[in-house]
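The next block is data_6.csv, given as CSV, C-alpha atoms.
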chain,number,residue,atom,x,y,z
V,17,MET,CA,39.6,5.2,-54.0
V,18,LYS,CA,40.8,5.5,-50.4
V,19,HIS,CA,39.7,9.1,-50.3
V,20,VAL,CA,36.2,8.2,-51.5
V,21,ALA,CA,35.9,5.4,-48.9
V,22,PHE,CA,37.1,7.8,-46.2
V,23,LEU,CA,34.7,10.5,-47.2
V,24,ALA,CA,31.8,8.1,-47.2
V,25,ALA,CA,32.7,6.8,-43.8
V,26,LEU,CA,33.0,10.4,-42.5
V,27,LEU,CA,29.6,11.3,-43.8
V,28,ILE,CA,28.0,8.2,-42.3
V,29,ALA,CA,29.6,9.0,-38.9
V,30,ILE,CA,28.4,12.6,-39.0
V,31,ALA,CA,24.9,11.4,-39.9
V,32,THR,CA,24.9,8.8,-37.1
V,33,CYS,CA,25.9,11.4,-34.6
V,34,ALA,CA,23.2,13.8,-35.7
V,35,ILE,CA,20.6,11.1,-35.4
V,36,ALA,CA,21.8,10.0,-32.0
V,37,GLN,CA,21.7,13.5,-30.7
V,38,HIS,CA,18.1,14.1,-31.9
V,39,GLU,CA,15.9,14.5,-28.7
V,40,PRO,CA,12.4,13.3,-28.6
V,41,THR,CA,9.8,16.0,-29.2
V,42,SER,CA,8.6,17.6,-26.0
V,43,HIS,CA,4.9,18.2,-25.5
V,44,THR,CA,2.5,19.5,-23.0
V,45,SER,CA,0.7,17.2,-20.6
V,46,ARG,CA,-2.5,15.3,-21.2
V,47,GLN,CA,-4.2,17.6,-18.7
V,48,ALA,CA,-3.1,20.7,-20.5
V,49,ALA,CA,-4.5,19.4,-23.7
V,50,ILE,CA,-7.8,18.7,-22.1
V,51,GLN,CA,-7.8,22.1,-20.3
V,52,LEU,CA,-7.4,23.8,-23.7
V,53,LEU,CA,-10.6,22.0,-25.0
V,54,ARG,CA,-12.4,22.9,-21.8
V,55,ARG,CA,-11.4,26.7,-22.1
V,56,GLU,CA,-12.6,26.7,-25.7
V,57,GLY,CA,-16.0,25.3,-24.6
V,58,ILE,CA,-15.7,22.0,-26.3
V,59,ILE,CA,-15.7,20.1,-23.1
V,60,SER,CA,-18.5,20.9,-20.7
V,61,ARG,CA,-19.2,19.5,-17.2
V,62,LYS,CA,-21.2,16.7,-18.7
V,63,THR,CA,-18.7,15.8,-21.4
V,64,GLN,CA,-16.6,12.7,-20.8
V,65,VAL,CA,-13.1,12.3,-22.0
V,66,VAL,CA,-13.0,8.8,-23.4
V,67,SER,CA,-9.3,8.9,-24.3
V,68,ALA,CA,-6.4,11.3,-24.8
V,69,GLU,CA,-3.3,9.7,-26.4
V,70,TRP,CA,-0.1,11.4,-27.5
V,71,SER,CA,1.1,10.5,-31.0
V,72,ASP,CA,4.9,10.6,-31.4
V,73,ASP,CA,4.5,10.3,-35.2
V,74,ALA,CA,2.0,13.1,-35.6
V,75,HIS,CA,3.2,15.3,-32.7
V,76,TRP,CA,-0.3,15.9,-31.2
V,77,TRP,CA,-2.7,14.7,-28.7
V,78,PHE,CA,-5.6,12.7,-30.1
V,79,VAL,CA,-8.7,13.3,-27.8
V,80,THR,CA,-12.0,11.4,-28.0
V,81,LEU,CA,-15.0,12.9,-26.2
V,82,ARG,CA,-18.4,11.5,-25.4
V,83,HIS,CA,-21.0,14.3,-25.3
V,84,PRO,CA,-24.1,14.3,-23.1
V,85,ARG,CA,-26.3,13.0,-26.0
V,86,GLY,CA,-24.0,10.0,-26.4
V,87,THR,CA,-22.2,11.1,-29.6
V,88,LEU,CA,-18.4,10.9,-29.9
V,89,SER,CA,-16.2,13.5,-31.4
V,90,ASN,CA,-12.4,13.4,-32.1
V,91,TRP,CA,-10.0,16.3,-31.7
V,92,THR,CA,-6.3,16.9,-32.1
V,93,VAL,CA,-4.4,19.2,-29.8
V,94,GLU,CA,-0.9,20.3,-30.9
V,95,ALA,CA,2.2,19.7,-28.8
V,96,ALA,CA,2.2,23.1,-27.0
V,97,ALA,CA,-1.6,23.0,-26.4
V,98,LYS,CA,-2.2,26.3,-28.1
V,99,ASP,CA,-4.2,25.1,-31.1
V,100,TYR,CA,-6.7,22.3,-31.7
V,101,HIS,CA,-8.7,20.8,-34.6
V,102,TYR,CA,-11.9,18.9,-35.0
V,103,VAL,CA,-11.4,15.5,-36.6
V,104,CYS,CA,-14.8,13.8,-36.9
V,105,LYS,CA,-17.9,12.7,-35.1
V,106,ASN,CA,-18.8,9.0,-34.7
Target format C-alpha cells, applied to this file:
Amino acid sequence: MKHVAFLAALLIAIATCAIAQHEPTSHTSRQAAIQLLRREGIISRKTQVVSAEWSDDAHWWFVTLRHPRGTLSNWTVEAAAKDYHYVCKN
C-alpha cells in the first residue's frame, strides 16, 4: 500500500511540474495581424479596425472591421499571422 501511495504522489508531482513549466503561447503583435489583412486586400484605406483582440483560449486574433459601406466583418488571424479566416458579416 505504501508503494501505491508513493507512486501516486510521484505522478502528481511530475504532472504539477509539467504544468508549472508550461509557458504561455507566444503570438505575433496586433499590428502584425492587421498588416496581414491589409496585405491580403481585406483592409483598404477606408476600412476601420473596430477591434483586434487576442484570444488565449483559441490562440488567434479576433479582428472586427467596419467597411466603407458601414458593414462589419469578423476575421481570425492565427498566432504567427501567416493565415486568416473569415468568420461572419454583421
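Using only C-alpha atoms, the smallest distance between any of V:Leu53, V:Ser67, V:Arg46, V:Pro84 and V:Tyr102 comes from V:Leu53.
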Got a sec: who's within 6 Å of V:Val79, counting only C-alpha atoms, leaving out chain neighbours fewer than 5 positions off, as a VMD selection string? chain V and resid 67 to 68 90 to 91
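Reported to one decimal place, the separation of atom CA of V:Asp73 from atom CA of V:Gly57 is 27.5 Å.
You will find atom CA of V:Glu56 at 15.8 Å from atom CA of V:Trp77.
Rounded to one decimal, atom CA of V:Thr44 and atom CA of V:Glu94 lie 8.6 Å from each other.
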Got a sec: who's within 10 Å of stretch 60-63 of chain V, counting only C-alpha atoms, leaving out chain neighbours fewer than 4 positions off, as number ranges by chain? V: 53-56, 81-86, 88
